[in-house]
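Colleague: Here it is, the structure, as structure tokens.
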Amino acid sequence: MEFRFFYHFGNYLLMLKGMFSRPENMKMYWKQFMQQCVDIGVGSFGIVFIISLFMGGVTTLQTAYQLVNPIIPKSTIAQVVRDTIILEFAPTLTSIVLAGVVGSKIASELGNMRVSEQIDALEIMGINTKGYLILPKIMAAVLMIPVLVMIAGFLGVWGGKEAGVLSGIISPDEFIQGLRQDFKAYNVFFALAKSYTFGFIISSVSAYYGYNVRGGALEIGKASTTAVVVSCVLVLFMDYALTAILL
Amino acid sequence: MIELQDIKKGFGDKEILKGVSAVMESGKVNLIIGASGSGKTVMMKCIVGLIEVDAGKIIYDGKDFTSMDTHERKAIRQEIGMLFQGSALFDSMTVEQNVMFPLDMFGKGSYREKKKRVAECLERVNLKDAAKKFPAEISGGMKKRVGIARAIVLNPKYLFCDEPNSGLDPQTSLLIDQLIKELTVEYNITTVMNTHDMNTVMESGDHIVYMYQGQKQWEGSNKEIVFSDDQLLNDFIFASEFLREAKEMRQHELFSSGKWKEDLKNKGGNEGGNDKK
């Protein structure tokens, strides 16, 4: 087991090292990067929109359910919702979902290119395939996943407010007041730090499993599943590590 | 010209190539033939550098490919075109974009010039009308032709074809063979082809290397092959009764024309090719 871990970890590091060489044609690399930004950013926006709204709504309802003490002001509900979403739900839950959406797409795309010899065709042309195929994906994920996390944060808070107001738990003014109470900008920095880390993990781990597929359609499916599972576990592990270090 | 000098390759305990030496001549279609598992594909992947050899040298026109660094290899690879068994076209691109890709990556010149070159290549492989189609919308034979167009778009010095006829009907297969042969002569390319197709062997094999269990068993031309007395080669090539009869007819035809003897005299070669090593 240990040997398998070190084998994969070593190969993963070699893959990362192999990405850095002088691009054969900067314009083509830029085009590839922009394409990946669209695929990862715009392509995942729909699911992020839906989960964020419901995540905020459910957080408000559950917080209100637990805060039954009449001494605690209702604005505290908004405060709890805000901090829960910024600190945990927006970066981690969104990243877990994105590990499924983006991670499986990256792994299956590269796996299919490997199996159908498209990666070999690029190699034969004299192109650094790690640089051309993997680096733009990682860069796009590191850029777009924090953007999606920020959007998820705003939508989550908005969804929480709407759920609270629609269910008569809290008035809009009380909610806004709660959002402003004891706001710490450091929490946003913390959420961004986590989302950059998660973006890198999701894209690089998925690319590693996809790029190294050997076999056929069955192995592409396996690689895709492994990529998602390993990404999720690493996201949760790093979530704990960053929380312990930064908070 | 590509020279292979005593190349060896193994995976774990299994030795796949056991010291193969051969010369792939320029302006000719060089065939690598042999049964499944004889080491043809590994040999081709070693020649293009997709697999590193364990020992031996691969020399491209006097330059030792095996001792080159990544940068030098890139330069050689830009002179290589390759047609893959499954065509290896980029799914997300149209036929035109597939052929344009190497030009976009490495080609100089304006967009109009590149587009003109792509049109020329597509016309050369008779696919001008399919330019806007995606790989999923065209047939297997058309995919192979797109693969050929992509391989020749940068005017390569070396063309590698991995089983270009696999999965094709005999007529399309013949067309692909003719196309490769014409392009080889037209651009004076060193073409190296892996094949199982006996029609290709007889029609296009200017120079044939027969592999048996990781070793070169026989080497010669398609004219010499019909006179070879190598039992393993004959069992492989002329496996059926029909092919044995065809062999006899071809022998008769070559003898009566006298062309076979003339060729041998020019080459100063042995009758029936060069048996192993």
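Letters A, B, ... mark the chains of the structure tokens in the order given; residue numbers begin at 1 per chain; ligand numbers begin at 1, in order shown.
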Select, as a ChimeraX atom specification, those residues of chain B with any atom no more than 12 Å from chain A (distances computed using only C-alpha atoms).
Modeller: /B:44-51,70-92,98,101-108,147,150-154,156,158-162
Colleague: Leaving out Ile201 of chain A and any residue of its chain fewer than 4 positions from it, which residues lie within 10 Å of it when counting only C-alpha atoms, given as a JSON list (two decimals) with N, CA and C atoms, in the first residue's frame?
Modeller:
```json
[["chain", "number", "residue", "atom", "x", "y", "z"],
["A", 95, "SER", "N", -16.44, 22.91, -3.73],
["A", 95, "SER", "CA", -15.28, 22.17, -4.27],
["A", 95, "SER", "C", -15.55, 20.68, -4.37],
["A", 99, "ALA", "N", -15.37, 18.77, -7.71],
["A", 99, "ALA", "CA", -14.49, 17.59, -7.90],
["A", 99, "ALA", "C", -15.23, 16.56, -8.75],
["A", 103, "GLY", "N", -13.61, 17.46, -12.10],
["A", 103, "GLY", "CA", -12.62, 16.38, -11.98],
["A", 103, "GLY", "C", -12.90, 15.23, -12.91],
["A", 138, "ILE", "N", -5.04, 23.19, -15.12],
["A", 138, "ILE", "CA", -4.76, 23.54, -13.72],
["A", 138, "ILE", "C", -4.86, 25.05, -13.53],
["A", 141, "ALA", "N", -8.46, 26.07, -13.58],
["A", 141, "ALA", "CA", -9.17, 25.67, -12.35],
["A", 141, "ALA", "C", -8.77, 26.56, -11.18],
["A", 142, "VAL", "N", -7.48, 26.88, -11.10],
["A", 142, "VAL", "CA", -7.00, 27.73, -9.99],
["A", 142, "VAL", "C", -7.58, 29.16, -10.12],
["A", 195, "SER", "N", -10.05, 27.83, -1.49],
["A", 195, "SER", "CA", -10.52, 27.55, -2.86],
["A", 195, "SER", "C", -9.38, 27.45, -3.86],
["A", 196, "TYR", "N", -8.31, 28.24, -3.68],
["A", 196, "TYR", "CA", -7.14, 28.09, -4.57],
["A", 196, "TYR", "C", -6.54, 26.69, -4.40],
["A", 197, "THR", "N", -6.41, 26.29, -3.14],
["A", 197, "THR", "CA", -5.82, 24.97, -2.85],
["A", 197, "THR", "C", -6.70, 23.86, -3.44],
["A", 205, "VAL", "N", -4.99, 16.40, -9.63],
["A", 205, "VAL", "CA", -5.20, 14.97, -9.33],
["A", 205, "VAL", "C", -6.01, 14.31, -10.46],
["A", 206, "SER", "N", -7.04, 14.99, -10.92],
["A", 206, "SER", "CA", -7.85, 14.43, -12.00],
["A", 206, "SER", "C", -7.03, 14.29, -13.29],
["A", 207, "ALA", "N", -6.21, 15.31, -13.55],
["A", 207, "ALA", "CA", -5.36, 15.24, -14.75],
["A", 207, "ALA", "C", -4.38, 14.07, -14.64],
["A", 230, "VAL", "N", -10.32, 10.42, -4.94],
["A", 230, "VAL", "CA", -9.06, 10.91, -4.36],
["A", 230, "VAL", "C", -9.11, 12.44, -4.18],
["A", 231, "SER", "N", -9.70, 13.14, -5.17],
["A", 231, "SER", "CA", -9.81, 14.60, -5.05],
["A", 231, "SER", "C", -10.65, 14.97, -3.83],
["A", 232, "CYS", "N", -11.79, 14.30, -3.65],
["A", 232, "CYS", "CA", -12.67, 14.61, -2.51],
["A", 232, "CYS", "C", -11.96, 14.37, -1.18],
["A", 234, "LEU", "N", -8.74, 14.34, -0.63],
["A", 234, "LEU", "CA", -7.68, 15.33, -0.44],
["A", 234, "LEU", "C", -8.25, 16.71, -0.10],
["A", 235, "VAL", "N", -9.39, 17.05, -0.71],
["A", 235, "VAL", "CA", -10.05, 18.33, -0.40],
["A", 235, "VAL", "C", -10.43, 18.36, 1.08],
["A", 238, "MET", "N", -7.24, 18.59, 3.22],
["A", 238, "MET", "CA", -6.66, 19.94, 3.17],
["A", 238, "MET", "C", -7.56, 20.95, 3.87]]
```
Colleague: Using only C-alpha atoms, which of the listed residues (B:Gly141, B:Ile208, B:Lys40, B:Met202) sits closest to Leu179 of chain B?
Modeller: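 Once distances to Leu179 of chain B are computed over only C-alpha atoms, the minimum belongs to B:Gly141.
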